[in-house]
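This is coords.txt. It holds compact mmCIF, C-alpha atoms and all ligand atoms.
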# COMPACT_ATOMS: atom_id res chain seq x y z
CA MET C 1 164.69 232.30 80.28
CA SER C 2 166.28 228.80 80.16
CA ASP C 3 164.42 225.83 81.69
CA SER C 4 166.24 224.17 84.54
CA HIS C 5 166.73 220.41 84.46
CA PRO C 6 164.37 218.55 86.87
CA LEU C 7 167.32 216.80 88.56
CA GLU C 8 169.17 220.01 89.39
CA ILE C 9 169.68 220.77 93.09
CA PRO C 10 170.31 224.48 93.71
CA GLY C 11 173.95 225.13 94.64
CA MET C 12 174.83 221.43 94.33
CA VAL C 13 173.85 219.91 90.98
CA ALA C 14 173.70 221.96 87.77
CA VAL C 15 173.20 220.83 84.18
CA SER C 16 174.67 222.92 81.38
CA GLY C 17 176.27 222.74 77.94
CA GLY C 18 179.80 221.38 78.23
CA CYS C 19 182.62 220.91 75.73
CA GLY C 20 181.55 220.17 72.17
CA GLY C 21 178.00 221.20 73.09
CA LEU C 22 177.49 217.94 75.01
CA SER C 23 175.41 218.06 78.17
CA ARG C 24 177.43 218.24 81.42
CA VAL C 25 176.43 217.82 85.07
CA CYS C 26 178.45 219.91 87.55
CA VAL C 27 178.44 218.84 91.19
CA THR C 28 179.45 220.95 94.19
CA SER C 29 179.66 219.11 97.52
CA PRO C 30 180.81 220.72 100.80
CA CYS C 31 184.35 219.38 100.24
CA SER C 32 184.76 218.83 96.51
CA THR C 33 183.59 219.49 92.97
CA ALA C 34 183.04 217.12 90.04
CA GLU C 35 181.89 217.08 86.44
CA ILE C 36 180.10 214.25 84.68
CA TYR C 37 179.01 213.93 81.04
CA PRO C 38 175.94 211.75 80.35
CA HIS C 39 177.91 210.95 77.15
CA GLY C 40 179.52 207.75 78.49
CA ALA C 41 178.34 208.55 82.07
CA HIS C 42 181.88 209.84 82.05
CA VAL C 43 183.39 211.59 85.08
CA THR C 44 185.73 214.21 83.59
CA GLY C 45 186.78 215.96 86.79
CA PHE C 46 186.98 215.58 90.56
CA ARG C 47 188.75 217.99 92.81
CA LYS C 48 188.87 218.23 96.57
CA ASN C 49 188.69 221.83 97.77
CA GLY C 50 192.20 223.32 97.94
CA GLU C 51 193.85 220.41 96.06
CA PRO C 52 194.93 219.93 92.44
CA PRO C 53 192.59 217.84 90.24
CA LEU C 54 192.65 214.11 91.00
CA LEU C 55 191.78 213.05 87.47
CA PHE C 56 193.82 213.70 84.35
CA MET C 57 192.03 215.10 81.28
CA SER C 58 193.82 215.39 77.95
CA ASP C 59 193.89 218.90 76.48
CA SER C 60 193.44 217.20 73.08
CA SER C 61 190.31 215.25 74.07
CA VAL C 62 187.47 215.32 71.56
CA PHE C 63 183.92 215.79 72.86
CA ARG C 64 181.71 214.38 70.17
CA THR C 65 178.86 211.91 69.77
CA GLY C 66 180.31 208.49 68.94
CA LYS C 67 183.79 209.30 70.28
CA ALA C 68 185.19 208.44 73.73
CA ILE C 69 186.43 211.26 75.95
CA ARG C 70 190.20 211.01 76.65
CA GLY C 71 190.84 211.23 80.38
CA GLY C 72 188.71 211.14 83.51
CA ILE C 73 186.90 207.84 84.00
CA PRO C 74 185.66 206.07 80.86
CA ILE C 75 183.31 203.18 81.66
CA ILE C 76 184.41 200.07 79.80
CA PHE C 77 181.56 197.63 79.10
CA PRO C 78 180.68 194.97 77.91
CA TRP C 79 184.15 194.10 76.55
CA PHE C 80 187.65 195.33 77.29
CA GLY C 81 190.17 196.06 74.52
CA ASP C 82 189.76 195.46 70.82
CA ARG C 83 186.98 193.43 69.24
CA GLU C 84 187.00 193.05 65.48
CA GLY C 85 184.30 195.04 63.74
CA HIS C 86 183.28 196.73 67.01
CA PRO C 87 184.44 199.76 69.01
CA ALA C 88 187.45 199.18 71.28
CA HIS C 89 186.52 198.88 74.98
CA GLY C 90 182.79 198.35 74.28
CA TYR C 91 179.95 200.73 73.56
CA ALA C 92 179.18 202.10 77.05
CA ARG C 93 181.78 204.88 76.89
CA THR C 94 180.28 206.36 73.73
CA ALA C 95 176.61 205.81 74.58
CA GLU C 96 174.34 208.67 75.69
CA TRP C 97 173.28 207.59 79.21
CA GLU C 98 170.08 208.88 80.74
CA PHE C 99 170.61 211.17 83.75
CA HIS C 100 168.21 209.30 86.01
CA ASP C 101 168.48 210.63 89.58
CA SER C 102 170.26 213.05 91.91
CA SER C 103 170.20 213.14 95.71
CA VAL C 104 172.03 214.42 98.78
CA LEU C 105 173.17 211.67 101.17
CA ALA C 106 173.14 211.89 104.98
CA ASP C 107 176.86 212.81 105.12
CA GLY C 108 176.36 215.69 102.66
CA SER C 109 177.85 213.91 99.65
CA ILE C 110 175.92 214.03 96.40
CA ARG C 111 174.87 211.03 94.35
CA LEU C 112 174.00 210.97 90.67
CA VAL C 113 172.56 207.97 88.86
CA PHE C 114 172.82 207.31 85.12
CA ARG C 115 171.13 204.57 83.11
CA LEU C 116 172.54 202.99 79.96
CA PRO C 117 169.88 202.80 77.23
CA ALA C 118 168.65 199.23 76.62
CA SER C 119 171.49 197.02 75.46
CA GLY C 120 170.47 193.43 74.77
CA ASN C 121 169.70 191.62 78.00
CA PHE C 122 171.75 193.97 80.17
CA GLU C 123 170.25 196.55 82.52
CA VAL C 124 173.09 198.86 83.49
CA MET C 125 173.23 201.72 85.99
CA SER C 126 176.13 203.91 87.01
CA LEU C 127 176.16 205.65 90.42
CA VAL C 128 178.59 208.49 91.05
CA THR C 129 179.00 209.79 94.62
CA VAL C 130 180.87 213.05 95.17
CA GLY C 131 182.09 213.96 98.64
CA GLU C 132 185.35 213.65 100.56
CA CYS C 133 186.09 210.77 98.13
CA LEU C 134 184.82 209.98 94.66
CA SER C 135 182.92 206.69 94.51
CA LEU C 136 181.68 204.92 91.42
CA GLU C 137 179.42 201.92 91.16
CA LEU C 138 178.45 200.00 88.04
CA ASP C 139 175.44 197.71 88.43
CA VAL C 140 174.77 195.18 85.70
CA ARG C 141 171.70 192.94 85.74
CA ASN C 142 170.98 190.09 83.39
CA ALA C 143 167.34 190.60 82.43
CA GLY C 144 167.46 187.79 79.85
CA GLU C 145 166.70 184.10 80.01
CA SER C 146 170.17 182.68 79.48
CA ASP C 147 173.64 183.30 80.94
CA GLU C 148 175.40 186.51 79.90
CA THR C 149 179.15 187.13 80.05
CA PHE C 150 180.85 190.54 80.00
CA GLU C 151 183.93 192.51 81.00
CA ASN C 152 183.77 195.85 82.82
CA CYS C 153 186.24 198.45 83.99
CA PHE C 154 186.58 201.94 85.40
CA HIS C 155 189.42 203.12 83.15
CA THR C 156 190.59 205.83 85.56
CA TYR C 157 193.17 208.39 84.41
CA PHE C 158 194.97 209.91 87.43
CA GLU C 159 196.75 213.25 87.34
CA VAL C 160 200.38 213.03 88.55
CA GLY C 161 203.08 215.71 88.87
CA ASP C 162 205.89 213.88 87.06
CA ILE C 163 205.66 210.24 85.95
CA ASP C 164 209.38 209.70 86.74
CA THR C 165 208.73 210.16 90.46
CA VAL C 166 205.54 208.09 90.73
CA SER C 167 205.39 204.65 92.37
CA ILE C 168 202.43 202.29 92.47
CA HIS C 169 201.94 199.93 95.42
CA GLY C 170 199.65 196.97 96.10
CA LEU C 171 200.26 194.59 93.22
CA THR C 172 203.38 192.73 94.38
CA GLY C 173 203.01 188.97 93.87
CA CYS C 174 200.13 189.32 91.37
CA GLY C 175 200.08 187.56 88.04
CA TYR C 176 199.63 189.81 85.02
CA PHE C 177 199.47 189.78 81.27
CA ASP C 178 202.03 192.18 79.86
CA LYS C 179 200.34 193.50 76.69
CA VAL C 180 203.53 195.23 75.52
CA ALA C 181 205.63 192.04 75.61
CA SER C 182 202.64 189.70 75.04
CA LYS C 183 203.76 187.62 78.02
CA THR C 184 202.30 186.41 81.29
CA ARG C 185 204.40 187.39 84.29
CA ILE C 186 204.36 187.74 88.08
CA GLU C 187 204.88 191.16 89.64
CA THR C 188 208.07 190.92 91.68
CA ALA C 189 208.71 194.63 92.28
CA ALA C 190 207.84 196.05 95.71
CA SER C 191 206.41 199.04 93.83
CA ILE C 192 205.88 199.69 90.13
CA ARG C 193 207.83 202.54 88.52
CA ILE C 194 207.06 203.70 84.99
CA ALA C 195 210.00 204.34 82.66
CA GLY C 196 208.57 203.17 79.33
CA GLU C 197 205.27 201.97 77.85
CA VAL C 198 203.33 199.98 80.47
CA ASP C 199 200.16 198.06 79.61
CA ARG C 200 199.47 195.33 82.17
CA VAL C 201 196.36 193.42 83.13
CA TYR C 202 196.75 192.11 86.71
CA SER C 203 194.35 189.24 87.45
CA GLY C 204 192.87 187.76 90.59
CA THR C 205 193.50 190.86 92.71
CA THR C 206 191.05 192.68 94.96
CA ALA C 207 193.81 194.77 96.58
CA THR C 208 193.69 198.50 97.19
CA VAL C 209 196.32 200.25 95.09
CA GLU C 210 198.20 203.37 96.16
CA ILE C 211 199.83 205.82 93.78
CA THR C 212 202.55 207.79 95.55
CA ASP C 213 203.29 211.12 93.90
CA PRO C 214 206.03 213.08 95.68
CA THR C 215 205.93 215.87 93.07
CA LEU C 216 202.33 216.80 93.89
CA GLY C 217 202.93 215.72 97.51
CA ARG C 218 200.05 213.29 97.63
CA THR C 219 199.13 209.63 97.71
CA ILE C 220 196.07 208.49 95.78
CA ARG C 221 194.24 205.46 97.12
CA VAL C 222 192.15 203.26 94.80
CA ALA C 223 189.93 200.89 96.81
CA LYS C 224 187.53 198.53 95.06
CA SER C 225 185.07 195.70 95.45
CA GLY C 226 183.43 193.37 92.94
CA SER C 227 186.63 193.63 90.93
CA ALA C 228 189.27 190.96 90.33
CA SER C 229 191.40 192.82 87.75
CA THR C 230 193.57 195.92 87.93
CA VAL C 231 195.04 197.40 84.74
CA VAL C 232 198.04 199.74 84.77
CA TRP C 233 198.61 201.77 81.62
CA ASN C 234 200.88 204.55 80.46
CA PRO C 235 201.35 204.93 76.67
CA TRP C 236 204.80 206.58 76.94
CA ILE C 237 206.30 208.41 73.94
CA ALA C 238 205.59 206.56 70.66
CA LYS C 239 202.00 205.56 71.54
CA SER C 240 201.26 209.10 72.76
CA LYS C 241 202.35 210.49 69.40
CA ALA C 242 200.15 207.96 67.60
CA MET C 243 197.00 209.06 69.48
CA ALA C 244 195.24 212.01 67.82
CA ASP C 245 193.35 212.89 71.01
CA PHE C 246 196.33 212.85 73.39
CA GLY C 247 199.18 215.39 73.62
CA ASP C 248 202.71 214.25 72.82
CA ASN C 249 203.99 214.99 76.35
CA GLU C 250 200.87 214.28 78.37
CA TYR C 251 202.10 210.80 79.29
CA ARG C 252 204.35 212.59 81.80
CA ARG C 253 201.44 213.74 83.94
CA MET C 254 199.08 210.75 83.94
CA VAL C 255 198.80 207.12 84.83
CA CYS C 256 195.79 204.84 84.44
CA VAL C 257 195.05 202.46 87.29
CA GLU C 258 191.87 200.70 86.20
CA SER C 259 189.50 198.63 88.35
CA GLY C 260 187.30 195.97 86.83
CA ASN C 261 186.92 192.42 85.61
CA VAL C 262 188.66 191.62 82.36
CA GLY C 263 190.14 188.66 80.52
CA GLU C 264 190.12 185.57 82.74
CA ASP C 265 188.22 187.57 85.39
CA LYS C 266 185.24 188.29 83.11
CA VAL C 267 181.82 187.99 84.75
CA THR C 268 179.05 185.53 83.90
CA LEU C 269 175.57 186.28 85.25
CA SER C 270 172.71 183.82 85.43
CA PRO C 271 169.26 185.10 84.42
CA GLY C 272 168.00 187.64 86.99
CA ASP C 273 171.40 188.01 88.68
CA GLN C 274 173.21 191.30 89.25
CA SER C 275 176.86 192.24 89.66
CA THR C 276 178.20 195.38 91.30
CA LEU C 277 181.61 196.87 90.59
CA LYS C 278 182.65 199.57 93.07
CA MET C 279 185.63 201.88 93.22
CA GLU C 280 186.43 204.56 95.77
CA ILE C 281 189.25 207.00 95.12
CA SER C 282 190.69 209.30 97.73
CA SER C 283 193.85 211.29 98.30
CA GLY C 284 196.02 212.35 101.19
CA ASP C 285 199.48 213.75 101.87
CA ALA C 286 202.34 211.64 100.48
CA GLY C 287 203.73 209.54 103.31
C1 LIG C 301 194.05 200.34 78.27
C2 LIG C 301 194.50 199.17 77.44
O1 LIG C 301 193.12 199.93 79.21
O2 LIG C 301 193.44 201.30 77.42
C3 LIG C 301 195.46 199.66 76.37
O3 LIG C 301 195.09 198.17 78.25
C4 LIG C 301 194.82 200.74 75.53
O4 LIG C 301 195.87 198.56 75.56
C5 LIG C 301 194.32 201.85 76.46
O5 LIG C 301 195.77 201.25 74.61
C6 LIG C 301 193.62 202.99 75.74
O6 LIG C 301 192.59 202.52 74.94
P1 LIG C 301 191.76 203.50 74.05
O7 LIG C 301 190.81 202.64 73.26
O8 LIG C 301 191.03 204.44 74.98
O9 LIG C 301 192.75 204.25 73.18
Is it possible to give me this structure as C-alpha cells?
Ligand code: BG6
Amino acid sequence: MSDSHPLEIPGMVAVSGGCGGLSRVCVTSPCSTAEIYPHGAHVTGFRKNGEPPLLFMSDSSVFRTGKAIRGGIPIIFPWFGDREGHPAHGYARTAEWEFHDSSVLADGSIRLVFRLPASGNFEVMSLVTVGECLSLELDVRNAGESDETFENCFHTYFEVGDIDTVSIHGLTGCGYFDKVASKTRIETAASIRIAGEVDRVYSGTTATVEITDPTLGRTIRVAKSGSASTVVWNPWIAKSKAMADFGDNEYRRMVCVESGNVGEDKVTLSPGDQSTLKMEISSGDAG
C-alpha cells in the first residue's frame, strides 16, 4: 500500500511520480485540470474542461534534476538570461521546491503553495491557483540586512494552432530591447505577428496582453501586476534546431509571452520588504 502525501485532497490534489521519475502534483478543479512539478515549482499543464491545453509543452523536454523543463511556466529568478559561470535564467527553475500547502478557495478553485529552499537572503514562495483561470504569484522577501536586487519572470509557453495566424495585442507604443538585432526600439505595430525569430524585452509596461489564435478559435488573455516587463519569444527555425530539448517544428505551435521584471525593470528590495509578481491567464472564444 502506498502512503498518500499529507497535502493531497481527495479528488482534487494528487501527488504521484511524473516524467523522469520526478514528483508531480495533479490538480482537478470543477472547471479545469493542471499539473505542477515541485522541480522548479513548474506548471507543466493547464486545461479548461472541453478546451485544448493552454500551455505548450515540448515533446522533447527532459525531466531531470538540474535541468529546466521545456514548456509550461518556468519560474525565472533571481536573474534573467545568461550570467557567466551560472545557469541561464537563474537557479529557481532547476531547484527542488518544497510542496508547502494545498487548499480549496471559496469559489472552488484550488491553491498550491511551494517554497524555494533557502537562497541567500531571499525567502521565495510560489502560489498556483487553478480554477476558471490559472493564476500564479511569486512572493520574494528580503530577509537580509542590506538591499537585494533581482530579476523575476513567469516564462510562459502558450500553445497556439499555427504561429502564422497568431497576433499579439497590448504592446503598441512600448519600448523594447530587440535581442535578435541587439537594438532598442519602439513597438509601432498595432499587433505583433511572428514570421521569424522574435526575442524582445518590452520595458515599463503593466498592460494586459492578448494572444489571438484564429486556428484554435481562442483568445488568450495574460493579465499581470507587480510586473513592468513583458518578453515575447519564438525561436523560429535555426534556434529550434539548435535546442536539444525542443522539436525542430515545435516553434509553429508555441509562443512565449513572459511577465516579470527584467533588465532596467529589475527589483531592489530594502531589508524586510517583499515584492509580489502576479499573472492571471485565461482564454475565451476568438473575437
Ligand atoms: C527567453 C529569452 O526568455 O528565453 C531568450 O529572451 C532565450 O533569449 C529563451 O533564448 C529560452 O531560454 P532557455 O534558457 O530556456 O533556453
Handout entry: Nearest residue to ligand LIG 301 (chain C) from the set C:Ile237, C:Ala223, C:Val257, C:Ala143 (distances using only C-alpha atoms and all ligand atoms)
Key =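 Closest to ligand LIG 301 (chain C) of all the choices is C:Val257.
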Exercise for the section: List every protein, DNA or RNA residue with an atom no more than 12 Å from (191.1, 211.2, 81.2) in the file's coordinates, counting only C-alpha atoms, and format the result as a PyMOL selection string. Expected result: chain C and resi 36+42-46+53-63+68-75+154-160+234+245-247+250-251+253-258
Problem - Selection as an MDAnalysis selection string: residues within 8 Å of (188.6, 204.5, 67.9), counting only C-alpha atoms - result: chainID C and resid 67:68 87:88
Practice task
Could you please extract the residues within 6 Å of ligand LIG 301 (chain C), counting only C-alpha atoms and all ligand atoms, and hand them back as an MDAnalysis selection string?
Solution key: chainID C and resid 88:89 199 233
Practice task
Kindly indicate which residue among C:Leu269, C:Ile194, C:Cys153, C:Val15 lies nearest to Val231 in chain C, using only C-alpha atoms for the distances.
Solution key: C:Cys153
Practice task
Can you pull out every residue within 8 Å of Leu22 in chain C, counting only C-alpha atoms, but drop anything in the same chain fewer than 2 positions away, and send it as number ranges by chain?
Solution key: C: 17-20, 24, 37, 39, 63-64
Select from range 12-97 of chain C every residue with an atom at most 9 Å from any atom of range 105-125 of chain C, then for each give the shortest pair of atoms and their distance in Å to one decimal, using only C-alpha atoms, rows by chain and rising number, as a tab-separated table.
residue	atom	partner	partner_atom	distance
C:Met12	CA	C:Ile110	CA	7.8
C:Val13	CA	C:Ile110	CA	8.3
C:Val27	CA	C:Ile110	CA	7.5
C:Thr28	CA	C:Ile110	CA	8.1
C:Ser29	CA	C:Ser109	CA	5.9
C:Pro30	CA	C:Gly108	CA	7.0
C:Cys31	CA	C:Ser109	CA	8.5
C:Pro38	CA	C:Phe114	CA	7.2
C:Gly40	CA	C:Leu116	CA	8.6
C:Ala41	CA	C:Phe114	CA	6.4
C:Ala92	CA	C:Leu116	CA	7.3
C:Ala95	CA	C:Leu116	CA	7.3
C:Glu96	CA	C:Leu116	CA	7.3
C:Trp97	CA	C:Leu116	CA	4.7
Problem - Counting all atoms listed in the file, the option among C:Ile186, C:Val209, C:Ala228, C:Val166 closest to Arg252 in chain C - result: C:Val166
Exercise for the section: Have a look at C:Thr219, C:Gly90, C:Ser270, C:Glu187 and name the one nearest to Gly144 in chain C; count only C-alpha atoms. Expected result: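 Checking each candidate against Gly144 in chain C, we get C:Ser270 as the closest.
Atom pair CA of Thr205 in chain C / CA of Ile76 in chain C has a distance of 18.3 Å (rounded to one decimal).
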Handout entry: Shortest interatomic distance to Pro214 in chain C - which of C:Ala14, C:Ile168, C:Val104, C:Ala195, counting all atoms listed in the file
Key =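 Using all atoms listed in the file, Pro214 in chain C sits closest to C:Ile168.
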Practice task
Choose the residue, out of C:Arg47, C:His5, C:Lys224, C:Arg200, that has the smallest atom-to-atom separation from Glu137 in chain C; count all atoms listed in the file.
Solution key: C:Lys224
Skip Thr149 in chain C itself and residues of its chain fewer than 6 positions away, then list as a short mmCIF file (atom, residue, chain, number, x, y, z; two decimals) with C-alpha atoms, in the frame of the given file all residues within 10 Å of it, counting only C-alpha atoms.
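Final file, around35.cif:
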data_model
loop_
_atom_site.label_atom_id
_atom_site.label_comp_id
_atom_site.auth_asym_id
_atom_site.auth_seq_id
_atom_site.Cartn_x
_atom_site.Cartn_y
_atom_site.Cartn_z
CA PRO C 78 180.68 194.97 77.91
CA TRP C 79 184.15 194.10 76.55
CA ASN C 142 170.98 190.09 83.39
CA LYS C 266 185.24 188.29 83.11
CA VAL C 267 181.82 187.99 84.75
CA THR C 268 179.05 185.53 83.90
CA LEU C 269 175.57 186.28 85.25
CA SER C 270 172.71 183.82 85.43
#
Problem - Atomic separation - CA of Glu151 in chain C relative to CA of Val262 in chain C, Å - result: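 Atom-to-atom, CA of Val262 in chain C and CA of Glu151 in chain C are spaced 5.0 Å apart.
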Exercise for the section: Mind giving me the straight-line distance from CA of Ser283 in chain C to CA of Ala34 in chain C in Å, one decimal? Expected result: 14.8 Å
